[in-house]
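Novice: Sharing upload.cif here; it has mmCIF, C-alpha atoms.
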```cif
data_work
#
loop_
_atom_site.label_atom_id
_atom_site.label_comp_id
_atom_site.auth_asym_id
_atom_site.auth_seq_id
_atom_site.Cartn_x
_atom_site.Cartn_y
_atom_site.Cartn_z
CA MET A 1 55.88 86.83 -56.32
CA PHE A 2 52.41 87.19 -54.91
CA ARG A 3 53.46 85.74 -51.57
CA ARG A 4 55.34 88.78 -50.46
CA ARG A 5 55.43 90.73 -47.26
CA ARG A 6 53.67 94.00 -47.78
CA ILE A 7 55.55 96.92 -46.30
CA LYS A 8 53.55 100.10 -46.05
CA VAL A 9 55.00 103.50 -45.25
CA ASP A 10 52.61 106.18 -44.03
CA HIS A 11 54.17 109.27 -45.63
CA GLN A 12 51.95 111.59 -43.57
CA ALA A 13 53.20 110.20 -40.28
CA CYS A 14 56.80 109.84 -41.49
CA GLY A 15 57.43 113.55 -42.03
CA ASN A 16 60.96 114.30 -43.22
CA PRO A 17 62.98 111.08 -43.61
CA LEU A 18 66.29 112.91 -44.07
CA GLU A 19 66.13 114.11 -40.46
CA CYS A 20 65.67 110.64 -38.98
CA ARG A 21 66.82 107.88 -41.41
CA ALA A 22 66.05 105.23 -38.76
CA CYS A 23 64.65 102.71 -41.25
CA LEU A 24 67.44 103.35 -43.79
CA ASP A 25 70.12 102.79 -41.17
CA HIS A 26 68.60 99.86 -39.30
CA CYS A 27 67.27 97.63 -42.08
CA PRO A 28 69.80 94.75 -42.33
CA GLU A 29 68.85 94.05 -45.96
CA SER A 30 68.55 97.77 -46.87
CA VAL A 31 65.13 97.36 -48.37
CA PHE A 32 64.33 101.06 -48.25
CA GLY A 33 65.36 103.94 -50.43
CA THR A 34 64.56 107.61 -50.36
CA HIS A 35 63.78 110.05 -53.13
CA PRO A 36 62.34 113.54 -53.47
CA ARG A 37 58.70 113.77 -54.47
CA ARG A 38 59.27 117.24 -55.84
CA ARG A 39 62.07 116.90 -58.37
CA ARG A 40 65.05 119.13 -58.82
CA ALA A 41 64.82 121.83 -61.46
CA PRO A 42 66.87 124.96 -62.11
CA GLY A 43 66.34 127.08 -59.01
CA ILE A 44 64.37 124.42 -57.13
CA LYS A 45 65.85 122.24 -54.42
CA ALA A 46 64.75 118.62 -54.08
CA GLN A 47 61.90 118.68 -51.58
CA ASP A 48 59.34 116.43 -49.90
CA TRP A 49 61.66 113.43 -49.55
CA ILE A 50 59.77 110.21 -49.02
CA ILE A 51 60.78 106.73 -47.94
CA ASP A 52 60.22 104.21 -50.70
CA VAL A 53 60.21 100.41 -50.48
CA VAL A 54 62.66 99.50 -53.25
CA PHE A 55 63.77 95.89 -52.71
CA ALA A 56 60.54 94.58 -51.20
CA SER A 57 61.38 90.95 -52.04
CA ARG A 58 64.47 91.11 -49.79
CA CYS A 59 62.42 91.79 -46.65
CA THR A 60 62.97 89.03 -44.10
CA GLY A 61 60.33 90.30 -41.70
CA CYS A 62 62.73 91.05 -38.85
CA MET A 63 60.57 94.07 -37.85
CA GLU A 64 63.61 96.24 -37.06
CA CYS A 65 62.17 99.15 -39.07
CA VAL A 66 58.84 98.94 -37.26
CA SER A 67 60.49 98.98 -33.85
CA PHE A 68 62.99 101.76 -34.69
CA CYS A 69 60.57 104.14 -36.45
CA PRO A 70 59.91 107.02 -34.04
CA HIS A 71 56.61 107.91 -35.73
CA GLN A 72 55.16 104.37 -36.10
CA ALA A 73 54.87 105.07 -39.83
CA ILE A 74 55.86 101.60 -41.11
CA SER A 75 53.63 98.56 -41.01
CA ILE A 76 54.38 95.07 -42.30
CA ARG A 77 51.78 92.46 -43.14
CA GLY A 78 52.89 88.84 -43.27
CA ARG A 79 52.87 86.52 -46.23
CA MET B 1 89.97 92.84 -73.53
CA CYS B 2 86.43 93.89 -72.72
CA GLU B 3 83.77 94.63 -75.29
CA PHE B 4 84.27 98.39 -74.98
CA CYS B 5 88.05 98.13 -75.46
CA VAL B 6 87.36 96.59 -78.86
CA GLN B 7 84.59 99.04 -79.80
CA HIS B 8 85.84 102.31 -78.34
CA GLY B 9 89.50 101.78 -77.49
CA GLU B 10 90.97 100.15 -80.63
CA GLY B 11 92.16 97.16 -78.66
CA LYS B 12 93.71 99.13 -75.82
CA LYS B 13 92.08 100.15 -72.55
CA TRP B 14 89.08 102.24 -73.63
CA TYR B 15 89.12 104.47 -70.55
CA LEU B 16 92.66 105.63 -71.36
CA GLU B 17 91.64 106.89 -74.82
CA MET B 18 91.61 110.70 -74.88
CA LYS B 19 88.75 110.79 -77.40
CA ASN B 20 86.34 109.26 -74.88
CA TYR B 21 86.69 112.40 -72.75
CA SER B 22 86.64 114.97 -75.58
CA ARG B 23 84.44 118.06 -75.71
CA GLU B 24 83.34 117.23 -79.26
CA LEU B 25 81.89 113.95 -78.02
CA LEU B 26 80.21 115.73 -75.11
CA ALA B 27 78.47 118.15 -77.46
CA LYS B 28 77.06 115.32 -79.63
CA ASP B 29 73.90 113.17 -79.29
CA GLY B 30 72.25 115.31 -76.61
CA ARG B 31 74.77 114.24 -73.99
CA LEU B 32 74.58 117.45 -71.99
CA ALA B 33 70.83 117.12 -71.55
CA TYR B 34 71.28 113.42 -70.69
CA ILE B 35 73.87 114.19 -67.99
CA GLU B 36 71.70 116.95 -66.56
CA ASP B 37 68.67 114.67 -66.52
CA THR B 38 70.58 111.76 -64.95
CA ARG B 39 72.04 113.93 -62.23
CA ALA B 40 68.89 115.89 -61.46
CA HIS B 41 66.39 113.03 -61.22
CA PHE B 42 68.69 110.17 -60.19
CA GLU B 43 66.92 109.08 -57.00
CA ALA B 44 63.35 109.19 -58.31
CA THR B 45 64.18 107.45 -61.62
CA HIS B 46 66.31 104.70 -60.08
CA SER B 47 63.90 104.05 -57.25
CA ARG B 48 61.10 103.52 -59.80
CA TRP B 49 63.18 101.23 -62.03
CA LEU B 50 64.62 99.18 -59.18
CA THR B 51 61.17 98.67 -57.69
CA ALA B 52 59.92 97.47 -61.08
CA LEU B 53 62.89 95.07 -61.53
CA ASP B 54 62.42 93.72 -58.03
CA THR B 55 58.75 93.06 -58.77
CA VAL B 56 59.38 91.00 -61.92
CA ARG B 57 62.47 89.11 -60.74
CA ASP B 58 60.48 86.00 -59.74
CA ILE B 59 58.58 85.64 -63.04
CA PRO B 60 61.02 83.57 -65.12
CA LEU B 61 60.25 84.38 -68.77
CA VAL B 62 59.31 88.00 -68.20
CA TYR B 63 62.37 88.59 -66.09
CA SER B 64 64.85 87.08 -68.56
CA PHE B 65 63.42 89.37 -71.25
CA VAL B 66 63.47 92.43 -68.98
CA ARG B 67 67.01 91.66 -67.86
CA ARG B 68 68.27 91.46 -71.42
CA MET B 69 66.55 94.67 -72.47
CA ALA B 70 67.64 96.57 -69.35
CA THR B 71 71.27 95.46 -69.75
CA ARG B 72 71.23 96.60 -73.37
CA HIS B 73 69.69 99.92 -72.33
CA GLN B 74 72.38 100.41 -69.68
CA LYS B 75 75.15 99.53 -72.11
CA SER B 76 74.19 102.30 -74.50
CA GLY B 77 73.46 104.81 -71.74
CA HIS B 78 75.16 104.57 -68.37
CA TRP B 79 77.73 101.78 -68.12
CA GLY B 80 80.72 101.45 -65.84
CA GLN B 81 83.97 99.63 -65.37
CA ILE B 82 85.90 98.93 -62.19
CA LEU B 83 89.44 100.33 -62.12
CA PRO B 84 92.42 99.48 -59.94
CA VAL B 85 93.99 102.54 -58.31
CA GLU B 86 96.97 102.81 -60.68
CA ASP B 87 94.60 103.11 -63.66
CA VAL B 88 92.58 105.76 -61.81
CA GLU B 89 95.73 107.88 -61.61
CA LEU B 90 96.26 107.52 -65.36
CA VAL B 91 92.63 108.54 -65.97
CA LEU B 92 92.96 111.58 -63.71
CA ASP B 93 96.12 112.63 -65.59
CA LEU B 94 94.04 112.91 -68.78
CA GLN B 95 91.54 115.39 -67.30
CA ASP B 96 91.51 119.16 -67.56
CA SER B 97 88.71 119.74 -65.06
CA ILE B 98 87.67 117.62 -62.10
CA VAL B 99 84.65 118.39 -59.90
CA ARG B 100 83.83 116.76 -56.61
CA LEU B 101 80.12 115.93 -56.46
CA PRO B 102 77.71 114.54 -53.88
CA CYS B 103 77.20 110.79 -54.29
CA LEU B 104 73.68 110.10 -55.54
CA CYS B 105 73.74 106.35 -54.86
CA ARG B 106 74.24 106.98 -51.18
CA SER B 107 71.53 109.62 -51.35
CA LEU B 108 69.07 107.06 -52.71
CA LEU B 109 69.92 104.14 -50.44
CA LYS B 110 71.09 105.89 -47.26
CA GLY B 111 69.68 109.43 -47.44
CA ARG B 112 73.17 110.92 -47.12
CA THR B 113 75.22 112.80 -49.70
CA PRO B 114 78.94 112.55 -48.91
CA ARG B 115 81.14 113.99 -51.67
CA TYR B 116 82.73 110.83 -53.01
CA CYS B 117 81.99 111.14 -56.72
CA LEU B 118 84.17 112.92 -59.25
CA GLY B 119 82.77 114.56 -62.38
CA LEU B 120 85.35 114.35 -65.17
CA GLY B 121 85.76 116.93 -67.92
CA VAL B 122 82.21 118.20 -67.54
CA ASP B 123 81.87 121.95 -67.14
CA THR B 124 79.45 121.55 -64.27
CA SER B 125 79.30 125.24 -63.42
CA GLY B 126 77.12 125.98 -66.44
CA MET B 127 74.95 122.89 -66.25
CA LEU B 128 74.53 122.01 -62.61
CA GLY B 129 75.29 125.41 -61.07
CA GLN B 130 71.67 126.42 -61.50
CA TYR B 131 70.55 123.49 -59.33
CA PRO B 132 70.60 124.56 -55.68
CA ASP B 133 71.48 121.00 -54.56
CA TYR B 134 74.75 121.17 -56.50
CA ALA B 135 75.42 124.90 -56.19
CA ASP B 136 78.40 124.55 -53.83
CA PHE B 137 80.36 122.05 -55.92
CA GLU B 138 84.12 121.96 -55.51
CA VAL B 139 86.51 122.24 -58.41
CA ILE B 140 89.65 120.32 -57.44
CA ASP B 141 92.97 119.83 -59.20
CA LYS B 142 94.62 116.55 -60.19
CA ASN B 143 96.72 116.22 -57.07
CA GLU B 144 93.76 116.77 -54.75
CA ALA B 145 91.79 114.25 -56.76
CA LYS B 146 94.58 111.68 -56.51
CA GLN B 147 94.83 112.29 -52.78
CA LEU B 148 91.06 111.77 -52.46
CA VAL B 149 91.26 108.54 -54.44
CA HIS B 150 94.05 107.26 -52.22
CA GLU B 151 92.06 108.17 -49.10
CA CYS B 152 89.14 106.20 -50.54
CA ASP B 153 91.48 103.30 -51.25
CA ALA B 154 92.55 103.29 -47.61
CA GLU B 155 88.86 103.18 -46.63
CA GLY B 156 88.40 100.12 -48.82
CA LEU B 157 86.24 101.77 -51.48
CA VAL B 158 86.06 100.52 -55.08
CA HIS B 159 86.81 102.89 -57.98
CA SER B 160 84.90 102.85 -61.25
CA VAL B 161 84.44 105.02 -64.34
CA TRP B 162 80.95 105.69 -65.73
CA THR B 163 79.80 106.61 -69.20
CA PHE B 164 77.06 109.05 -70.09
CA LYS B 165 75.77 107.81 -73.43
CA THR B 166 78.63 105.42 -74.18
CA PRO B 167 81.50 106.02 -74.99
CA TYR B 168 81.70 109.44 -73.29
CA ILE B 169 83.18 108.99 -69.79
CA GLY B 170 81.87 111.61 -67.39
CA GLY B 171 82.20 110.24 -63.88
CA LEU B 172 84.53 108.46 -61.48
CA CYS B 173 82.89 106.81 -58.48
CA ASN B 174 84.34 105.65 -55.19
CA CYS B 175 81.81 103.12 -54.04
CA GLY B 176 81.08 101.06 -50.99
CA GLU B 177 78.20 98.71 -50.28
CA ASP B 178 75.68 101.54 -50.77
CA CYS B 179 76.46 101.77 -54.48
CA VAL B 180 73.42 101.17 -56.67
CA ALA B 181 75.54 99.35 -59.28
CA HIS B 182 77.06 97.04 -56.64
CA ARG B 183 73.59 96.45 -55.24
CA VAL B 184 72.02 95.67 -58.59
CA GLN B 185 74.82 93.60 -60.13
CA VAL B 186 76.63 91.90 -57.27
CA LYS B 187 74.24 91.66 -54.34
CA GLU B 188 70.87 91.30 -56.08
CA ASN B 189 72.11 90.08 -59.50
CA LEU B 190 69.24 91.87 -61.24
CA LEU B 191 71.18 92.95 -64.34
CA GLN B 192 74.68 93.85 -65.46
CA THR B 193 75.61 97.52 -65.26
CA MET B 194 79.41 97.42 -65.25
CA PHE B 195 82.43 95.48 -66.44
CA ARG B 196 85.02 93.99 -64.16
CA ALA B 197 88.51 95.49 -64.26
CA GLU B 198 91.06 94.50 -66.88
CA VAL B 199 93.07 92.82 -64.12
CA VAL B 200 92.47 90.12 -61.51
CA GLY B 201 94.11 89.70 -58.13
CA VAL B 202 96.45 86.78 -57.48
CA VAL B 203 97.85 85.72 -54.10
CA ASN B 204 101.51 84.87 -53.86
CA PHE B 205 101.41 81.92 -51.46
CA ASP B 206 105.09 82.30 -50.57
CA LEU B 207 104.47 85.78 -49.13
CA CYS B 208 100.98 85.34 -47.62
CA ASN B 209 101.14 84.66 -43.89
CA GLY B 210 97.45 83.84 -43.46
CA CYS B 211 96.56 86.86 -41.29
CA LYS B 212 93.06 87.09 -42.87
CA GLU B 213 93.16 90.92 -42.86
CA CYS B 214 92.07 91.08 -46.50
CA ILE B 215 89.19 88.61 -46.40
CA PRO B 216 86.38 90.83 -45.00
CA LYS B 217 87.49 93.69 -47.29
CA CYS B 218 86.42 91.98 -50.51
CA ARG B 219 83.00 93.29 -51.58
CA PHE B 220 82.51 90.69 -54.30
CA GLY B 221 82.87 87.44 -52.36
CA ALA B 222 86.00 86.44 -54.26
CA LEU B 223 88.43 86.17 -51.36
CA GLY B 224 88.41 83.00 -49.35
CA PHE B 225 90.67 81.29 -46.85
CA SER B 226 92.20 78.04 -47.96
CA LEU B 227 92.22 75.69 -44.98
CA ALA B 228 94.57 73.26 -46.75
CA LYS B 229 97.22 75.92 -47.35
CA GLY B 230 96.38 78.17 -44.38
CA LYS B 231 96.49 81.18 -46.69
CA ALA B 232 94.12 83.55 -48.48
CA ALA B 233 93.01 82.60 -51.98
CA ILE B 234 91.20 84.58 -54.69
CA ALA B 235 88.54 83.02 -56.88
CA ALA B 236 89.43 84.53 -60.25
CA MET B 237 85.92 83.90 -61.62
CA LYS B 238 84.42 86.16 -58.97
CA CYS B 239 87.24 88.73 -58.74
CA TYR B 240 86.35 92.22 -60.02
CA GLY B 241 89.97 93.40 -59.93
CA CYS B 242 89.32 96.43 -57.74
CA GLY B 243 92.58 96.01 -55.82
CA VAL B 244 91.07 96.72 -52.40
CA CYS B 245 92.53 93.52 -50.89
CA ARG B 246 96.00 94.51 -52.15
CA ALA B 247 95.76 97.82 -50.28
CA PHE B 248 95.14 95.98 -47.01
CA CYS B 249 97.82 93.31 -47.39
CA SER B 250 100.71 93.98 -45.05
CA GLN B 251 102.93 91.38 -46.75
CA GLU B 252 102.32 92.72 -50.30
CA ALA B 253 101.38 89.19 -51.26
CA ILE B 254 98.53 90.20 -53.61
CA SER B 255 99.35 91.42 -57.10
CA MET B 256 97.18 92.26 -60.10
CA VAL B 257 97.69 90.35 -63.33
CA PRO B 258 95.92 90.97 -66.67
CA ARG B 259 92.55 89.25 -66.96
CA THR B 260 93.58 87.87 -70.35
CA ASP B 261 96.22 85.71 -68.64
CA PHE B 262 93.41 83.38 -67.60
CA LYS B 263 91.13 81.66 -70.06
CA ASN B 264 87.39 82.31 -70.19
CA LEU B 265 87.10 84.77 -67.32
CA PRO B 266 83.89 86.84 -67.46
CA TRP B 267 83.97 90.60 -67.83
#
```
Do you think you could lay out the structure here as structure tokens?
Specialist:
Amino acid sequence: MFRRRRIKVDHQACGNPLECRACLDHCPESVFGTHPRRRRAPGIKAQDWIIDVVFASRCTGCMECVSFCPHQAISIRGR
Amino acid sequence: MCEFCVQHGEGKKWYLEMKNYSRELLAKDGRLAYIEDTRAHFEATHSRWLTALDTVRDIPLVYSFVRRMATRHQKSGHWGQILPVEDVELVLDLQDSIVRLPCLCRSLLKGRTPRYCLGLGVDTSGMLGQYPDYADFEVIDKNEAKQLVHECDAEGLVHSVWTFKTPYIGGLCNCGEDCVAHRVQVKENLLQTMFRAEVVGVVNFDLCNGCKECIPKCRFGALGFSLAKGKAAIAAMKCYGCGVCRAFCSQEAISMVPRTDFKNLPW
């Protein structure tokens, strides 16, 4: 478990993931997920969506997400 | 007969029992608050839990403990069962209100919210109407719902019912590969969150012409091609009984038989 690829998402550089979804669409193992940082409440819409690395152990290191990200927000370090 | 049919259905199919959809049950045990909480914070909660499960999956003893506890937690809270399309119609006939909702699984894993999920019996206008993300929900009638389910069947989507604090059934999902339950149970095998259907598919070898149309449609890896016979074959141990392959068979060679006809099949 400690020999895992470390995927880092720079939320500052990423911006709004719901407008781009490049990593969500292009990851062949669908490692990523997205969730709102500011939760829904009565009268409040879900806001500040961020990309989250959910199934990190499934990453094969194909670097598709890194090459498709328009903001260079994702970085992967090897095992 | 699955575990829930014995506990909540008196030996018959538990999802066809009217009492599992009743308003009295909905009002008990803080179900309304539970449904509101599940719907409102679905993505954040599930992303946190799935990340945690994925982290411990390679630590043998810890993971076997976590898996058992998480499965038990799911079983009392949010559990599902796959349904073939004819049972979905029977379930829809029992409902007095059906609401079409955005799919939260696809929101979590794909960032999109197509309206594939159906809320059953829940008066969503009072509970979820105050949430701006759900404000424009659609109330649809039985015939529209059946039409939607048949459209989903033609797309090759799997139908399932979901409990909110078992045994209250509050949702009907039409899932593809982006379903969190499919991801967790079938693809990643992290824990069990749903039962298989009460039926399994069987190929009639006299009718099958070996066109292989059905084989890529199976989402559970149960359909294979028998080289010896030159026909499709279903592995009953892996079959979830969703009936998707039957919808794509031009020869009508696939039929669903009760799961109890075979011995020792898992649920």
Novice: Determine, counting only C-alpha atoms, every residue of protein, DNA or RNA that lies within 10 Å of (65.1, 118.6, -54.2) in the file coordinates, then give the result as a PyMOL selection string.
Specialist: (chain A and resi 35-41+43-49) or (chain B and resi 40-41+131-133)
Novice: Could you write out as number ranges by chain the residues of chain A within 12 Å of chain B, counting all atoms listed in the file?
Specialist: A: 1-4, 16-27, 29-59
Novice: When you look at Gly119 in chain B with a cut-off of 6 Å (counting all atoms listed in the file), what residues show up, excluding the ones that are within fewer than 5 positions of it in the same chain? I need them as a PyMOL selection string.
Specialist: chain B and resi 98-99+170-171
Novice: Quick check on the file I pasted: which residues fall under the PyMOL selection byres ((chain B and resi 212-216) around 12)? Write them as a ChimeraX atom specification.
Specialist: /B:156,201,203,208-211,217-227,230-235,243-254
Novice: Can you turn the PyMOL selection byres ((chain B and resi 76-79) around 7) into a concrete residue list for this file, as number ranges by chain?
Specialist: B: 72-75, 80, 162-166, 193-194
Novice: Just to confirm, what's the straight-line distance from CA of His150 in chain B to CA of Tyr21 in chain B in Å (one decimal)?
Specialist: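 The value is 22.4 Å.
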Novice: What would the selection look like, as a list in words, if the PyMOL selection byres ((chain A and resi 6) around 9) were run on the coordinates I just shared?
Specialist: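 When the PyMOL selection byres ((chain A and resi 6) around 9) is applied to the shown file, the picked residues are Arg4, Arg5, Ile7, Lys8, Ala56, Ser75, Ile76, Arg77, Gly78 and Arg79 of chain A.
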Novice: CA of Pro167 in chain B to CA of Lys19 in chain B: how many Å, to one decimal?
Specialist: 9.0 Å
Novice: Enter the distance from CA of Leu157 in chain B to CA of Val85 in chain B, in Å, rounded to one decimal.
Specialist: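 Interatomic distance here is 10.4 Å.
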Novice: So for range 34-50 of chain A, what box centre and size do we get, axis-aligned, 5 Å extra on each of the six sides, every listed atom, Å to one decimal, as AutoDock Vina command-line options?
Specialist:
```
--center_x 62.8 --center_y 117.3 --center_z -55.6 --size_x 18.2 --size_y 29.5 --size_z 23.1
```
Novice: Please provide as a list in words all residues within 12 Å of Asn143 in chain B, with the sequence filter that same-chain residues fewer than 2 positions apart are discarded (counting only C-alpha atoms).
Specialist: Glu89, Leu92, Asp93, Gln95, Ser97, Ile98, Val139, Ile140, Asp141, Ala145, Lys146, Gln147, Leu148, Val149 and His150 of chain B
Novice: Neighbouring residues of Val9 in chain A were defined as those with any atom within 6 Å, considering all atoms listed in the file; residues of the same chain fewer than 2 positions away were excluded. Please report them as a ChimeraX atom specification.
Specialist: /A:11,73-74
Novice: Find, counting only C-alpha atoms, the residue in B:Val62, B:Cys242, B:Val257, B:Ala70 that gets nearest to Val158 in chain B.
Specialist: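 Ranked by minimum distance to Val158 in chain B, first place goes to B:Cys242.
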